[in-house]
>>> print(open('my_file_9.cif').read())   # mmCIF, C-alpha atoms
data_structure
loop_
_atom_site.label_atom_id
_atom_site.label_comp_id
_atom_site.auth_asym_id
_atom_site.auth_seq_id
_atom_site.Cartn_x
_atom_site.Cartn_y
_atom_site.Cartn_z
CA MET A 1 -174.40 8.70 25.06
CA PRO A 2 -170.79 9.07 26.28
CA ASP A 3 -168.33 6.67 24.68
CA ASP A 4 -167.12 5.33 28.05
CA LEU A 5 -170.48 3.61 28.55
CA HIS A 6 -169.63 1.44 25.53
CA PRO A 7 -165.89 0.68 25.74
CA GLY A 8 -166.22 -2.67 23.95
CA ALA A 9 -168.64 -5.24 22.60
CA ALA A 10 -168.39 -7.45 25.68
CA VAL A 11 -169.23 -4.59 28.02
CA ALA A 12 -171.86 -3.17 25.70
CA ALA A 13 -173.67 -6.51 25.86
CA ARG A 14 -174.29 -5.92 29.56
CA PRO A 15 -177.57 -4.29 30.62
CA LEU A 16 -177.42 -0.54 30.25
CA TYR A 17 -178.18 0.12 33.93
CA GLN A 18 -175.09 -1.93 34.86
CA GLN A 19 -172.99 0.15 32.51
CA VAL A 20 -174.34 3.31 34.15
CA HIS A 21 -173.67 1.75 37.58
CA ASP A 22 -170.03 1.06 36.64
CA HIS A 23 -169.62 4.53 35.13
CA LEU A 24 -170.90 6.27 38.27
CA LEU A 25 -168.91 3.98 40.56
CA GLY A 26 -165.76 4.76 38.59
CA ARG A 27 -166.29 8.46 39.07
CA ILE A 28 -166.87 7.97 42.80
CA VAL A 29 -163.71 5.85 43.12
CA ALA A 30 -161.77 8.52 41.23
CA GLY A 31 -162.84 11.06 43.86
CA GLU A 32 -165.11 13.18 41.68
CA TRP A 33 -167.72 12.96 44.45
CA PRO A 34 -166.02 12.46 47.83
CA PRO A 35 -167.83 10.87 50.82
CA GLY A 36 -170.67 13.14 51.90
CA ASP A 37 -170.96 14.91 48.54
CA TYR A 38 -174.19 14.83 46.56
CA LEU A 39 -174.37 13.40 43.06
CA PRO A 40 -176.12 15.47 40.39
CA SER A 41 -179.87 14.93 40.28
CA GLU A 42 -181.18 11.82 38.55
CA GLN A 43 -182.55 14.02 35.79
CA ARG A 44 -179.17 15.67 35.19
CA LEU A 45 -177.38 12.34 35.20
CA ALA A 46 -179.84 10.86 32.75
CA ALA A 47 -179.48 13.84 30.42
CA SER A 48 -175.68 13.91 30.60
CA LEU A 49 -175.41 10.16 29.96
CA GLY A 50 -178.12 10.08 27.33
CA VAL A 51 -180.13 7.36 29.03
CA ALA A 52 -183.63 7.04 30.43
CA LEU A 53 -184.39 8.29 33.93
CA GLY A 54 -185.40 4.76 34.95
CA THR A 55 -181.99 3.45 33.91
CA VAL A 56 -180.23 5.93 36.20
CA ARG A 57 -182.59 5.11 39.06
CA ARG A 58 -181.93 1.40 38.74
CA ALA A 59 -178.17 2.00 38.66
CA LEU A 60 -178.46 4.14 41.79
CA ASP A 61 -180.60 1.45 43.45
CA GLU A 62 -177.68 -0.95 42.96
CA LEU A 63 -175.23 1.51 44.48
CA VAL A 64 -177.53 2.02 47.46
CA GLN A 65 -177.76 -1.73 48.05
CA GLU A 66 -173.97 -1.98 47.85
CA GLY A 67 -173.56 0.70 50.51
CA VAL A 68 -171.84 3.15 48.16
CA VAL A 69 -174.46 5.92 48.18
CA GLU A 70 -177.53 6.76 50.22
CA ARG A 71 -180.72 8.57 49.34
CA ARG A 72 -181.64 11.45 51.63
CA GLN A 73 -185.28 12.40 51.62
CA GLY A 74 -185.85 15.69 49.85
CA ARG A 75 -182.12 16.30 49.37
CA GLY A 76 -180.85 13.83 46.80
CA THR A 77 -178.30 11.02 46.63
CA ALA A 78 -174.99 11.34 48.48
CA VAL A 79 -171.83 9.26 48.58
CA LEU A 80 -171.93 7.32 51.82
CA ARG A 81 -169.75 8.60 54.61
CA HIS A 82 -168.85 6.01 57.22
CA SER A 83 -169.98 6.75 60.76
CA SER A 84 -168.95 4.72 63.78
CA ASP A 85 -172.48 3.43 64.34
CA ARG A 86 -172.96 2.47 60.70
CA ALA A 87 -169.58 0.75 60.47
CA ARG A 88 -170.05 -1.04 63.77
CA PHE A 89 -173.47 -2.48 63.08
CA ARG A 90 -172.86 -3.27 59.43
CA PHE A 91 -169.44 -4.88 59.78
CA PHE A 92 -169.14 -6.03 63.42
CA ARG A 93 -170.87 -9.41 63.37
CA LEU A 94 -170.12 -10.66 66.87
CA VAL A 95 -172.88 -10.85 69.47
CA GLY A 96 -173.25 -12.01 73.05
CA PRO A 97 -174.35 -15.57 73.88
CA ASP A 98 -177.92 -14.27 74.23
CA GLY A 99 -177.78 -12.72 70.75
CA SER A 100 -177.54 -9.17 72.06
CA ARG A 101 -175.60 -6.51 70.19
CA ILE A 102 -172.20 -5.71 71.64
CA VAL A 103 -170.82 -2.16 71.54
CA PRO A 104 -167.13 -2.53 72.41
CA LYS A 105 -164.44 0.12 72.61
CA GLY A 106 -161.34 -0.43 70.50
CA ARG A 107 -157.77 0.22 71.59
CA VAL A 108 -154.78 -0.16 69.28
CA LEU A 109 -151.89 -1.70 71.23
CA THR A 110 -149.21 -1.59 68.52
CA ALA A 111 -148.81 -0.07 65.04
CA ARG A 112 -145.74 -0.81 62.94
CA GLN A 113 -144.60 -1.33 59.39
CA ARG A 114 -143.37 -4.81 58.44
CA ILE A 115 -143.26 -7.30 55.57
CA ALA A 116 -146.63 -8.94 54.91
CA ARG A 117 -146.94 -12.49 56.17
CA ALA A 118 -147.84 -15.18 53.64
CA GLU A 119 -151.54 -15.32 54.55
CA GLU A 120 -151.77 -11.52 54.52
CA ALA A 121 -150.04 -11.26 51.15
CA ARG A 122 -152.43 -13.82 49.64
CA GLY A 123 -155.50 -12.12 51.07
CA LEU A 124 -154.42 -8.67 49.94
CA ALA A 125 -153.03 -9.86 46.58
CA LEU A 126 -149.60 -8.41 47.40
CA ALA A 127 -146.27 -9.33 45.86
CA GLY A 128 -143.67 -11.05 47.99
CA GLY A 129 -141.80 -8.62 50.22
CA ALA A 130 -144.59 -6.01 50.15
CA GLU A 131 -144.95 -3.93 53.29
CA VAL A 132 -148.05 -3.50 55.41
CA LEU A 133 -149.05 -1.38 58.36
CA ALA A 134 -149.68 -3.97 61.09
CA LEU A 135 -151.99 -3.18 63.99
CA THR A 136 -152.84 -5.19 67.08
CA ARG A 137 -156.06 -4.16 68.75
CA GLU A 138 -158.27 -5.15 71.65
CA ARG A 139 -162.01 -4.55 71.80
CA ARG A 140 -163.37 -4.24 75.31
CA VAL A 141 -166.52 -3.69 77.29
CA GLY A 142 -165.43 -2.04 80.51
CA SER A 143 -162.15 -3.65 81.53
CA ARG A 144 -162.96 -7.00 79.92
CA VAL A 145 -161.31 -7.82 76.60
CA LEU A 146 -163.81 -9.53 74.30
CA VAL A 147 -161.89 -9.52 71.00
CA HIS A 148 -158.19 -9.60 70.10
CA GLU A 149 -157.37 -8.50 66.54
CA THR A 150 -154.38 -8.43 64.21
CA ILE A 151 -154.85 -6.18 61.18
CA ALA A 152 -152.66 -5.76 58.09
CA LEU A 153 -153.14 -2.77 55.78
CA PRO A 154 -151.26 -2.42 52.47
CA LEU A 155 -148.72 0.35 52.07
CA PRO A 156 -148.43 3.01 50.78
CA LEU A 157 -152.25 3.12 50.63
CA PHE A 158 -152.50 3.49 54.42
CA SER A 159 -149.36 5.53 55.02
CA ARG A 160 -151.42 8.51 56.23
CA LEU A 161 -153.48 6.54 58.75
CA GLN A 162 -153.39 8.15 62.19
CA VAL A 163 -154.26 5.79 65.04
CA PRO A 164 -153.52 6.68 68.65
CA VAL A 165 -151.69 3.80 70.33
CA GLY A 166 -152.72 2.87 73.85
CA GLN A 167 -155.89 4.98 73.85
CA ASP A 168 -159.55 4.15 73.35
CA LEU A 169 -160.53 5.05 69.79
CA ALA A 170 -163.23 7.67 69.43
CA GLU A 171 -164.11 6.31 65.97
CA GLU A 172 -164.30 2.92 64.31
CA LEU A 173 -161.28 2.05 62.18
CA TYR A 174 -163.33 2.14 58.96
CA VAL A 175 -164.14 5.77 59.69
CA LEU A 176 -160.42 6.51 60.05
CA TYR A 177 -159.61 4.64 56.83
CA GLN A 178 -162.02 6.88 54.94
CA ARG A 179 -161.07 10.11 56.71
CA ASP A 180 -157.28 9.76 56.67
CA CYS A 181 -156.64 7.66 53.57
CA GLY A 182 -159.68 8.08 51.33
CA VAL A 183 -160.38 4.34 51.54
CA THR A 184 -164.03 3.36 51.83
CA VAL A 185 -164.71 -0.22 52.87
CA ALA A 186 -167.66 -1.34 50.74
CA ARG A 187 -167.89 -5.01 51.66
CA ALA A 188 -166.13 -7.75 53.60
CA GLU A 189 -165.75 -11.49 53.40
CA ASP A 190 -165.41 -13.41 56.66
CA ARG A 191 -164.25 -16.97 57.25
CA VAL A 192 -164.92 -18.48 60.69
CA SER A 193 -162.97 -21.38 62.21
CA PRO A 194 -162.09 -22.79 65.64
CA GLU A 195 -158.63 -22.34 67.08
CA ALA A 196 -156.66 -22.97 70.27
CA ALA A 197 -155.63 -19.76 71.98
CA SER A 198 -151.92 -18.98 71.69
CA ILE A 199 -150.12 -17.65 74.76
CA PRO A 200 -150.29 -13.95 73.69
CA VAL A 201 -153.95 -14.19 72.65
CA ALA A 202 -154.86 -16.14 75.80
CA ARG A 203 -153.19 -13.46 77.91
CA SER A 204 -155.15 -10.75 76.09
CA LEU A 205 -158.50 -12.54 76.38
CA GLY A 206 -157.93 -13.67 79.96
CA VAL A 207 -158.20 -17.39 79.24
CA ALA A 208 -155.82 -20.32 79.59
CA PRO A 209 -153.46 -21.08 76.67
CA GLY A 210 -154.99 -23.73 74.45
CA THR A 211 -158.57 -22.70 75.24
CA PRO A 212 -160.87 -23.21 72.22
CA ILE A 213 -161.66 -19.82 70.70
CA LEU A 214 -163.33 -18.43 67.58
CA ARG A 215 -161.11 -17.15 64.76
CA ILE A 216 -162.66 -14.83 62.17
CA LEU A 217 -160.55 -14.06 59.11
CA ARG A 218 -161.79 -10.98 57.26
CA ILE A 219 -160.78 -9.57 53.90
CA ALA A 220 -162.33 -6.14 53.38
CA PHE A 221 -162.67 -4.57 49.95
CA GLY A 222 -162.74 -0.97 48.74
CA LEU A 223 -165.20 0.57 46.31
CA ASP A 224 -163.18 -0.62 43.31
CA GLY A 225 -163.12 -4.23 44.53
CA THR A 226 -159.49 -4.14 45.69
CA ALA A 227 -158.66 -5.93 48.95
CA VAL A 228 -157.71 -3.25 51.48
CA GLU A 229 -157.70 -4.99 54.86
CA HIS A 230 -156.64 -8.38 56.24
CA ARG A 231 -158.00 -8.84 59.74
CA VAL A 232 -158.01 -11.77 62.15
CA SER A 233 -160.36 -11.40 65.13
CA ARG A 234 -160.25 -13.87 67.98
CA THR A 235 -162.79 -14.23 70.79
CA ALA A 236 -163.63 -16.67 73.56
CA ARG A 237 -166.81 -14.96 74.76
CA LEU A 238 -168.80 -13.94 71.69
CA GLU A 239 -170.64 -15.62 68.83
CA TYR A 240 -170.61 -14.82 65.12
CA ALA A 241 -173.97 -13.80 63.64
CA VAL A 242 -174.86 -12.79 60.10
CA ALA A 243 -178.23 -12.32 58.41
CA ILE A 244 -178.57 -13.60 54.84
CA GLU A 245 -181.36 -11.96 52.88
#
>>> encode(input="my_file_9.cif", output="structure tokens")
Amino acid sequence: MPDDLHPGAAVAARPLYQQVHDHLLGRIVAGEWPPGDYLPSEQRLAASLGVALGTVRRALDELVQEGVVERRQGRGTAVLRHSSDRARFRFFRLVGPDGSRIVPKGRVLTARQRIARAEEARGLALAGGAEVLALTRERRVGSRVLVHETIALPLPLFSRLQVPVGQDLAEELYVLYQRDCGVTVARAEDRVSPEAASIPVARSLGVAPGTPILRILRIAFGLDGTAVEHRVSRTARLEYAVAIE
């Protein structure tokens, strides 16, 4: 068995399938298998790691559940590549008052580099004075703005991100993160709270200043567990919905 599956007594005490999980995840994070690439077969992985086939399968089951890889019938296991539909329906948790799914179009209004604000720095675990790429975005159905967003992305990690300003986006942002910057969003933590609409947000949403709105603070994490996105979404017309299983 390779030495890196047993780097220390504390880690070695963990179940073997978790060690295999961490080993494979580390290789994915390092770019050995980019999004869309297939991993070696389960049999080859088991042989190369010196573990039982069932151990590899259980480790891969964990990676599937975490949204890192996907099994493709008759073809093998591939590193998950974000698509707009997958990103939208996995990570966009706002629905209409009747519970219906909303499929909005996104438009970035501004994109600029600036110093991270205090809340952004805390959420992204950045040092004071660190720079972020700051986006403001509206999400619309037709001409009606349903969501106003402010997004902070740590630099230089997102220095290669290409977002057209003032145009409807053909892809979800998480697709662009992966394509342009090699950043895969694996999970997100949301915190929901009420808020009174500020003048700029009220103007965007088409409501009166001070109107009660929903504020959703999101911290999104990459495959290695690092915080990669601070996002605040605000809406006056949608509800937040999440299924806990």
>>> atom_distance(input="my_file_9.cif", atom1="atom CA of Pro104 of chain A", atom2="atom CA of Gln162 of chain A")
20.2 Å
>>> axis_aligned_box(input="my_file_9.cif", around="segment 238-242 of chain A", padding_each_side="3 Å", output="lines of an AutoDock Vina configuration file")
center_x = -171.8
center_y = -14.2
center_z = 65.9
size_x = 12.1
size_y = 8.8
size_z = 17.6
>>> closest_residue(input="my_file_9.cif", among="A:Ala46, A:Ile151, A:Ala243, A:Leu161", to="Arg137 of chain A", atoms="all atoms listed in the file")
A:Ile151
>>> closest_residue(input="my_file_9.cif", among="A:Gly50, A:Phe221, A:His21, A:Leu124", to="Gln65 of chain A", atoms="only C-alpha atoms")
A:His21
>>> closest_residue(input="my_file_9.cif", among="A:Gln73, A:Thr235, A:Gln178, A:Ser41", to="Arg215 of chain A", atoms="all atoms listed in the file")
A:Thr235
>>> closest_residue(input="my_file_9.cif", among="A:Gly222, A:Pro97, A:Gly129, A:Gly26", to="Ala186 of chain A", atoms="only C-alpha atoms")
A:Gly222
>>> atom_distance(input="my_file_9.cif", atom1="atom CA of Leu155 of chain A", atom2="atom CA of Val29 of chain A")
18.3 Å
>>> closest_residue(input="my_file_9.cif", among="A:Arg187, A:Arg112, A:Val68, A:Val145", to="Arg203 of chain A", atoms="only C-alpha atoms")
A:Val145
>>> resolve_selection(input="my_file_9.cif", expression="the PyMOL selection byres ((chain A and resi 59) around 8)", output="VMD selection string")
chain A and resid 17 to 18 20 to 21 55 to 58 60 to 63
>>> resolve_selection(input="my_file_9.cif", expression="the PyMOL selection byres ((chain A and resi 99) around 10)", output="ChimeraX atom specification")
/A:94-98,100-102,238-241
>>> residues_around(input="my_file_9.cif", residues="Arg81 of chain A", least_positions_apart="4", cutoff="9 Å", atoms="all atoms listed in the file", output="PyMOL selection string")
chain A and resi 34-37+68-69+175+178+184
>>> resolve_selection(input="my_file_9.cif", expression="the PyMOL selection byres ((chain A and resi 227) around 10)", output="list in words")
Gly123, Leu124, Ala125, Leu126, Leu153, Pro154, Val185, Arg187, Ala188, Ile219, Ala220, Phe221, Gly222, Leu223, Asp224, Gly225, Thr226, Val228, Glu229 and His230 of chain A
>>> residues_around(input="my_file_9.cif", residues="His148 of chain A", least_positions_apart="2", cutoff="10 Å", atoms="all atoms listed in the file", output="list in words")
Gly106, Arg107, Thr136, Arg137, Glu138, Arg139, Arg140, Val145, Leu146, Thr150, Pro200, Val201, Ala202, Ser204, Leu205, Arg215, Val232, Ser233, Arg234, Thr235 and Ala236 of chain A
